Amino acid sequence: MLRPAEPAKNLKQFVRKYVHLEVPAASSPRFWSIPARSTTCIEFTFGNPYRIHHVDGSRLEITYPATLIGAKTHRRIQLELSGRVETFAILFEPTGLQRLFSLPGTEIVNEHYEADMVLGSAMARLRSRLGEAKSFQERVQVADAFLGVLIPYASTEHAVDDAVREIILKGGCVQISGLASQLGIGLRQFQRRFRDVLGISPKRYARIVRFEAAISRKTASPFINWTQIAHELEYHDQMHMIRDFQLLSGQSPSSLTPQFELLVATVAEA
C-alpha cells in the first residue's frame, strides 16, 4: 500500500509530498529495482529494514533508520524486501532539500547516506516522533511542524529554479538552449549553474523527467499504448523511448513491474 499526502501550504515550495509505504510480510523475499528518479528524499524505516543490492555487485547494505536519498541518473540499486516493510518518506521539490538544509545537490546525486550523519541528530529525534505517531496523517503533521521551523533559515531560490519548473511543467520536452536564453545567460554557463545546484546536467535531468512523465501517463491511463505516449512526449520514435527506458531503468516499457510503475508514478506526480 502506498499513500501520498500534501505538505502544509507554507512548505509547498520545498516539499512535493509525503509518502507512506507499507508492504505486508510475504513467505519469500521480494526484489524491487529502483530506476532513475528526479527527486531527493528522506526516508524513515519502521518495519523490517530492507537490503540494498548494488546492481554492479560492489556492495550489499542494510537500510538506515533514516536515510537521505539523492536523485538517481540511472538504475544503481535493487531493494530486497523481507518481512513487513513500513516507511515514511519526505519527497522534496527539485531544490527544496538543498535550500532547507544548505546542502549542495552535487554531494547527494546517485548516493544515499545515514540522514543523521549529514543532516544532524535532529533526524533521529524526528524519526522517534514519527514512530510515536498513531496514523499517517499524524506523521504528516509531525513532519510539517519539523520542517516549518526551518523555513526562516532557508536559502532563496536559485537562478535555475525557473528552468527546473519549466522542465517539469513540460514533462521534460524542452530545448536546453531555450532555457538558457530565458535566463539571459550562455548555454555553458547555464549548464554549469544547473549542475552546481542539482548535481545533474540539464539534459539528463530533462531526460529523467520525461521518463517519469511517460510512466505516470501509462499508470494513469493503462489502456493508452506506448506509441501514443512516445508521440505525446516528443520522442523521435518508440525505439528512442525504449532506449531511454533501458538507460534509465534497465527495462523496456513493456516489461515494467507493477511496483516499479507505482513508485515512479508517485514520484513523478506534480
# chains A, B, ... in the order shown; residues from 1 in each chain; ligands from 1
>>> residues_around(residues="His53 (chain A)", least_positions_apart="6", cutoff="7 Å", atoms="only C-alpha atoms", output="PyMOL selection string")
chain A and resi 59-61+77-79
>>> closest_atom_pairs(of="region 68-178 of chain A", to="region 197-221 of chain A", cutoff="7 Å", atoms="only C-alpha atoms", output="Markdown table")
| residue | atom | partner | partner_atom | distance |
| --- | --- | --- | --- | --- |
| A:Thr95 | CA | A:Leu198 | CA | 6.9 |
| A:Pro104 | CA | A:Val197 | CA | 6.2 |
| A:Gly105 | CA | A:Leu198 | CA | 4.5 |
| A:Thr106 | CA | A:Gly199 | CA | 3.9 |
| A:Val109 | CA | A:Gly199 | CA | 6.0 |
| A:Ile167 | CA | A:Ala206 | CA | 6.1 |
| A:Ile168 | CA | A:Val209 | CA | 6.4 |
| A:Gly171 | CA | A:Arg210 | CA | 5.0 |
| A:Gly172 | CA | A:Ala206 | CA | 4.3 |
| A:Cys173 | CA | A:Arg210 | CA | 6.7 |
| A:Ile176 | CA | A:Lys203 | CA | 6.7 |
>>> write_last_selection(atoms="N, CA and C atoms", output="PDB file, in the first residue's frame")
ATOM      1  N   THR A  95      14.904  21.628  -5.700  1.00  0.00           N
ATOM      2  CA  THR A  95      15.957  22.239  -4.878  1.00  0.00           C
ATOM      3  C   THR A  95      15.499  22.445  -3.440  1.00  0.00           C
ATOM      4  N   PRO A 104      24.509  21.049  -1.016  1.00  0.00           N
ATOM      5  CA  PRO A 104      24.678  21.072  -2.473  1.00  0.00           C
ATOM      6  C   PRO A 104      24.223  19.763  -3.110  1.00  0.00           C
ATOM      7  N   GLY A 105      23.503  19.888  -4.220  1.00  0.00           N
ATOM      8  CA  GLY A 105      22.995  18.701  -4.896  1.00  0.00           C
ATOM      9  C   GLY A 105      24.094  17.786  -5.392  1.00  0.00           C
ATOM     10  N   THR A 106      25.253  18.352  -5.709  1.00  0.00           N
ATOM     11  CA  THR A 106      26.356  17.531  -6.222  1.00  0.00           C
ATOM     12  C   THR A 106      26.827  16.487  -5.224  1.00  0.00           C
ATOM     13  N   VAL A 109      23.690  13.308  -5.368  1.00  0.00           N
ATOM     14  CA  VAL A 109      23.208  12.624  -6.568  1.00  0.00           C
ATOM     15  C   VAL A 109      23.822  11.225  -6.656  1.00  0.00           C
ATOM     16  N   ILE A 167      10.975  22.575 -17.041  1.00  0.00           N
ATOM     17  CA  ILE A 167      11.236  21.190 -17.443  1.00  0.00           C
ATOM     18  C   ILE A 167      10.131  20.273 -16.921  1.00  0.00           C
ATOM     19  N   ILE A 168       9.754  20.448 -15.657  1.00  0.00           N
ATOM     20  CA  ILE A 168       8.727  19.597 -15.054  1.00  0.00           C
ATOM     21  C   ILE A 168       7.370  19.869 -15.684  1.00  0.00           C
ATOM     22  N   GLY A 171       7.008  18.172 -18.956  1.00  0.00           N
ATOM     23  CA  GLY A 171       7.303  16.742 -18.967  1.00  0.00           C
ATOM     24  C   GLY A 171       8.636  16.407 -19.591  1.00  0.00           C
ATOM     25  N   GLY A 172       9.619  17.297 -19.430  1.00  0.00           N
ATOM     26  CA  GLY A 172      10.946  17.046 -19.976  1.00  0.00           C
ATOM     27  C   GLY A 172      11.104  17.398 -21.436  1.00  0.00           C
ATOM     28  N   CYS A 173      10.028  17.839 -22.094  1.00  0.00           N
ATOM     29  CA  CYS A 173      10.067  18.156 -23.527  1.00  0.00           C
ATOM     30  C   CYS A 173      10.491  19.614 -23.722  1.00  0.00           C
ATOM     31  N   ILE A 176      17.235  22.766 -24.207  1.00  0.00           N
ATOM     32  CA  ILE A 176      18.108  23.283 -23.157  1.00  0.00           C
ATOM     33  C   ILE A 176      18.627  24.669 -23.523  1.00  0.00           C
TER      34      ILE A 176
END
>>> atom_distance(atom1="CA of Glu80 (chain A)", atom2="CA of Leu247 (chain A)")
21.8 Å
>>> residues_around(residues="region 3-6 of chain A", least_positions_apart="5", cutoff="9 Å", atoms="only C-alpha atoms", output="PyMOL selection string")
chain A and resi 12+15-22+136-137+140+266
>>> select_by_dssp(residues="region 41-163 of chain A", states="strand (DSSP E or B)", output="PyMOL selection string")
chain A and resi 41-45+51-54+60-62+66-69+72+77-81+85-92+112-114
